[in-house]
Amino acid sequence: MESFNIRLSMALCVVVCLALSVPHRVAAQVCSLPALPDATITTTQDRDHLLCQLGITLPTLPPRASDPNRPVNASPVDPNNTEGNWTDPRGHVVIRTDFGLWHTYDSDSGVNGGALSGFGDYGPFSQPRYTDLDLLKAQDGRRIKTSQDWWLRRRPEIFRLIQQDLYGTAIDPHIPVNWVVSAETTGSQVVGTTTYSYRQKTLTGTVDISSYPELRNTPVITALCRYPAPTGRKYPVVVTFSEGAGRFQYTAPYGIGTCSYNPTAVQPDSGGANLSSYLIGLVTRGNWRKPQDPGSLVAWGWGVSRLIDELANDPDLDADKVAVEGHSRFGKATLVTGAYDPRVVVTWPSDAGALGTAVARRHYGETLEFVGSTTGEYHWVAGNILHFAGPLHTGGYIPRKLQSLPVDAQSTTALIAPRAIFVTNGTDTPPGFGDAWADPRGTFLSGKLASPVWDLLGWKGQIIPAGTVFTSGPDESIGGTPPFNVAFIDGTVGWRRQIEGHTPVPNWPTFAQFAARYLNDSRPVVAPGQTFVLGEGPAGVVGTVNATDEDSGDALGSWQIKGGDGAGVFALAADSGELTIKQPHRIDFHRRSAYRLTLMVGDGKLPSHDEEVSIRIPDQVNMCHTTVVRNKGHIVRITHNTVFVPKAAVPLHLSEGDTIGGCPQ
């Protein structure tokens, strides 16, 4: 059965990839369109409307055969139809976007190599290349040195830019959904020589359209959930994009269920008229999408998030232990889901490629400007992405406007930190169902480039042991990846590259093992309702935050401040949870009665849920008062006494060198 699934996935990829690769002649843009779109609007009209809103005109391109930028090693599939599909001696898909960029491959194997243009590896770790994105440097140039800097400054900045320039604004999580749960059925599934009994039910959520009853099509969230038969507990679950309940065979040995989610009932996988209906039409009230409005990837992820909401009410499935998996375009949606919803514990974007896990600043296979402009894919993303299509310089070719893109695949990936992510891709060959289109090296690099964020937060990112031999040779991207069929899952950013091509099936056993590490872990808990009194601790210390973990072998650590009006005033020791006074002169003793901090702690696998602690300012504050006795200018004695002073007098004591808190005994 697994062999059949692999062949079926490969066959589907042949159909899909060929469908995507069919070039089309660029007709003149039409901006005189109806004020409101209706059911007759085509994908071309809708795409053109976005371009017109942005003031972008598609360039007039020369015939492909006379295009001076055409790859030197590419040729038409049909010599009599030079405007049709092109390919190269390695069998790659080679097309030209509506903005003039040819898809190329840097397969370095001489005259019979890939479609070499001189720009195939124009990306990270090559020369020339686009300006590198530094995830630990804010747009204003300041370095991100602490976890607090990440949570309060850099992560919000990246998330804002991701929504603005790539995928679109997050959809309101409070749109009502009316849920119905089917009757439960039972069955069994054989895995090897073991039989696993299961229970199964279907959850159906109908989205409330009362805010815009004129909507032509009502979005519906459906998920077929299969989970272990024994009752009396809530099971972790992997939500899969259209994978089917059969994936339970991989998760059953770990006591984990699956929910097969149907994304296209929430938002179809097409543009045109569908974008003024279903969930996106509900958001826009039937209007044209604006450039920052969400695309289908965000809509599909919203459906998963509402399913997680419903699982919180379910007696059998654990909303606190949810992983998400999707393949190809649904791999892109999986990445977006994990980035937009911090409740997702493990994310597996399988073979997600361009505008998924493959870095955009790299011309290999499918590109950002193809996804953003082709009428078969533009609906996945926000219209603003079109700002980054075309050459950077008038009359030029490379570099592209990607140079100005402030975020990339590693940025989206980093939004998941410190949670777990499993990144995969297939072999570049053989032609037809290879993964060159999805750029395996670019996908590997996104995990590598995002890993410093995990390291900053106290988790292990991508771990590739020193001495690992990377792939090389014909049909392999220059630089390559770690070897095929080897699982690199010691870190929180996992990697595996399957030899079989564009299919998730061979990676399921590794993913189940990887995900179980996190889904079956007891999450650490910061004790709720903790209040500290300023001055009751030793000098300079507020107190130590209390947390627990049910797993006896886990050690608490990676304590972090994620928010609150006391951030910056107080500090938290990452290894112990000790709260100290970082900037006592910033404490407002005249108008404040308390400060709040939002904290988390980790156990090496899972972060705790955020918890708020309070630091109360009493009317009388303990201070460690220092007295210096001098004789003829020389210090002869220093004494420390704990004094009890009105809070209004604390600033004066601080200016004289005293410290908040009791003196050492």
# chains A, B, ... in the order shown; residues from 1 in each chain; ligands from 1
>>> residues_around(residues="Gly365 of chain A", least_positions_apart="4", cutoff="9 Å", atoms="only C-alpha atoms", output="VMD selection string")
chain A and resid 92 to 94 103 to 105 120 353 to 354 435 to 439
>>> residues_around(residues="Phe248 of chain A", least_positions_apart="3", cutoff="10 Å", atoms="only C-alpha atoms", output="list in words")
Gln189, Val191, Tyr196, Tyr198, Cys225, Arg226, Tyr227, Pro228, Val237, Val238, Gly244, Ala245, Thr251, Ala252, Pro253, Gly255, Ile256, Gly257, Thr258, Cys259, Ser260 and Ala512 of chain A
>>> closest_residue(among="A:Thr531, A:Ile56, A:Ala547, A:Trp102", to="Ile398 of chain A", atoms="only C-alpha atoms")
A:Trp102
>>> select_by_dssp(residues="segment 166-210 of chain A", states="strand (DSSP E)", output="number ranges by chain")
A: 177-181, 185-191, 194-207
>>> atom_distance(atom1="atom CA of Leu405 of chain A", atom2="atom CA of Gly303 of chain A")
28.0 Å
>>> residues_around(residues="segment 381-386 of chain A", least_positions_apart="6", cutoff="7 Å", atoms="only C-alpha atoms", output="PyMOL selection string")
chain A and resi 50+164-168+291-297+369+372-373
>>> write_last_selection(atoms="N, CA, C and O atoms", output="mmCIF file, in the first residue's frame")
data_model
loop_
_atom_site.group_PDB
_atom_site.id
_atom_site.type_symbol
_atom_site.label_atom_id
_atom_site.label_comp_id
_atom_site.auth_asym_id
_atom_site.auth_seq_id
_atom_site.Cartn_x
_atom_site.Cartn_y
_atom_site.Cartn_z
ATOM 1 N N LEU A 50 -5.624 43.246 -8.729
ATOM 2 C CA LEU A 50 -4.589 43.472 -7.725
ATOM 3 C C LEU A 50 -3.454 44.315 -8.292
ATOM 4 O O LEU A 50 -2.972 45.254 -7.657
ATOM 5 N N GLN A 164 2.085 41.688 6.001
ATOM 6 C CA GLN A 164 2.017 42.800 5.052
ATOM 7 C C GLN A 164 2.481 42.400 3.665
ATOM 8 O O GLN A 164 1.834 42.744 2.657
ATOM 9 N N ASP A 165 3.592 41.678 3.573
ATOM 10 C CA ASP A 165 4.262 41.494 2.289
ATOM 11 C C ASP A 165 4.152 40.093 1.693
ATOM 12 O O ASP A 165 4.443 39.919 0.508
ATOM 13 N N LEU A 166 3.768 39.096 2.487
ATOM 14 C CA LEU A 166 3.756 37.733 1.960
ATOM 15 C C LEU A 166 2.364 37.109 1.935
ATOM 16 O O LEU A 166 1.828 36.822 0.870
ATOM 17 N N TYR A 167 1.767 36.899 3.093
ATOM 18 C CA TYR A 167 0.585 36.037 3.141
ATOM 19 C C TYR A 167 -0.721 36.759 3.425
ATOM 20 O O TYR A 167 -1.785 36.228 3.138
ATOM 21 N N GLY A 168 -0.667 37.933 4.006
ATOM 22 C CA GLY A 168 -1.881 38.674 4.288
ATOM 23 C C GLY A 168 -2.219 38.716 5.771
ATOM 24 O O GLY A 168 -1.713 37.939 6.582
ATOM 25 N N PRO A 291 -4.558 44.656 -1.326
ATOM 26 C CA PRO A 291 -3.225 44.029 -1.397
ATOM 27 C C PRO A 291 -2.748 43.354 -0.121
ATOM 28 O O PRO A 291 -1.894 42.474 -0.179
ATOM 29 N N GLN A 292 -3.257 43.754 1.063
ATOM 30 C CA GLN A 292 -2.823 43.111 2.288
ATOM 31 C C GLN A 292 -3.847 42.109 2.815
ATOM 32 O O GLN A 292 -3.628 41.485 3.851
ATOM 33 N N ASP A 293 -4.919 41.904 2.092
ATOM 34 C CA ASP A 293 -5.904 40.914 2.521
ATOM 35 C C ASP A 293 -5.316 39.509 2.409
ATOM 36 O O ASP A 293 -4.425 39.264 1.590
ATOM 37 N N PRO A 294 -5.806 38.583 3.225
ATOM 38 C CA PRO A 294 -5.210 37.243 3.234
ATOM 39 C C PRO A 294 -5.467 36.471 1.961
ATOM 40 O O PRO A 294 -6.471 36.675 1.270
ATOM 41 N N GLY A 295 -4.529 35.569 1.669
ATOM 42 C CA GLY A 295 -4.713 34.606 0.603
ATOM 43 C C GLY A 295 -5.175 33.277 1.169
ATOM 44 O O GLY A 295 -5.428 33.124 2.370
ATOM 45 N N SER A 296 -5.248 32.273 0.292
ATOM 46 C CA SER A 296 -5.786 30.977 0.691
ATOM 47 C C SER A 296 -4.951 30.302 1.761
ATOM 48 O O SER A 296 -5.489 29.559 2.594
ATOM 49 N N LEU A 297 -3.625 30.509 1.765
ATOM 50 C CA LEU A 297 -2.794 29.854 2.784
ATOM 51 C C LEU A 297 -3.229 30.278 4.181
ATOM 52 O O LEU A 297 -3.320 29.445 5.105
ATOM 53 N N GLU A 369 8.016 35.278 -7.627
ATOM 54 C CA GLU A 369 7.208 36.067 -8.551
ATOM 55 C C GLU A 369 6.326 35.199 -9.443
ATOM 56 O O GLU A 369 5.307 35.657 -9.949
ATOM 57 N N GLY A 372 3.361 34.583 -7.020
ATOM 58 C CA GLY A 372 2.600 35.800 -6.814
ATOM 59 C C GLY A 372 1.837 36.276 -8.026
ATOM 60 O O GLY A 372 0.839 36.997 -7.885
ATOM 61 N N SER A 373 2.283 35.897 -9.238
ATOM 62 C CA SER A 373 1.676 36.470 -10.435
ATOM 63 C C SER A 373 0.910 35.478 -11.301
ATOM 64 O O SER A 373 0.013 35.873 -12.039
#
>>> residues_around(residues="Phe470 of chain A", least_positions_apart="5", cutoff="8 Å", atoms="only C-alpha atoms", output="PyMOL selection string")
chain A and resi 479-483
>>> select_by_dssp(residues="segment 61-297 of chain A", states="alpha helix (DSSP H)", output="MDAnalysis selection string")
chainID A and resid 147:149 155:162 248:251 278:284 296:297
>>> write_last_selection(atoms="C-alpha atoms", output="PDB file, in the first residue's frame")
ATOM      1  CA  SER A 147      14.986  36.466  24.370  1.00  0.00           C
ATOM      2  CA  GLN A 148      13.106  39.518  25.621  1.00  0.00           C
ATOM      3  CA  ASP A 149      14.349  41.496  22.605  1.00  0.00           C
ATOM      4  CA  ARG A 155       9.166  38.782  16.469  1.00  0.00           C
ATOM      5  CA  PRO A 156       6.273  41.292  16.320  1.00  0.00           C
ATOM      6  CA  GLU A 157       8.159  43.165  13.610  1.00  0.00           C
ATOM      7  CA  ILE A 158       8.675  40.032  11.514  1.00  0.00           C
ATOM      8  CA  PHE A 159       5.063  38.911  11.963  1.00  0.00           C
ATOM      9  CA  ARG A 160       3.816  42.323  10.846  1.00  0.00           C
ATOM     10  CA  LEU A 161       5.984  42.174   7.716  1.00  0.00           C
ATOM     11  CA  ILE A 162       4.994  38.577   6.967  1.00  0.00           C
ATOM     12  CA  PHE A 248      -3.089   6.848  11.857  1.00  0.00           C
ATOM     13  CA  GLN A 249      -0.921   3.823  11.077  1.00  0.00           C
ATOM     14  CA  TYR A 250       2.153   5.972  11.748  1.00  0.00           C
ATOM     15  CA  THR A 251       0.942   7.747  14.884  1.00  0.00           C
ATOM     16  CA  TYR A 278     -16.114  31.485   1.029  1.00  0.00           C
ATOM     17  CA  LEU A 279     -13.979  32.639   3.981  1.00  0.00           C
ATOM     18  CA  ILE A 280     -12.003  35.338   2.179  1.00  0.00           C
ATOM     19  CA  GLY A 281     -15.248  36.719   0.732  1.00  0.00           C
ATOM     20  CA  LEU A 282     -16.674  36.808   4.247  1.00  0.00           C
ATOM     21  CA  VAL A 283     -13.636  38.802   5.388  1.00  0.00           C
ATOM     22  CA  THR A 284     -13.861  41.245   2.448  1.00  0.00           C
ATOM     23  CA  SER A 296      -5.786  30.977   0.691  1.00  0.00           C
ATOM     24  CA  LEU A 297      -2.794  29.854   2.784  1.00  0.00           C
TER      25      LEU A 297
END
>>> closest_residue(among="A:Arg496, A:His363, A:Lys332, A:His609", to="Val525 of chain A", atoms="only C-alpha atoms")
A:His609
>>> closest_residue(among="A:Val30, A:Val77, A:Ala323, A:Val220", to="Asn262 of chain A", atoms="only C-alpha atoms")
A:Val220
>>> closest_residue(among="A:Asn274, A:Gln530, A:Arg419, A:Ala358", to="Arg517 of chain A", atoms="only C-alpha atoms")
A:Arg419
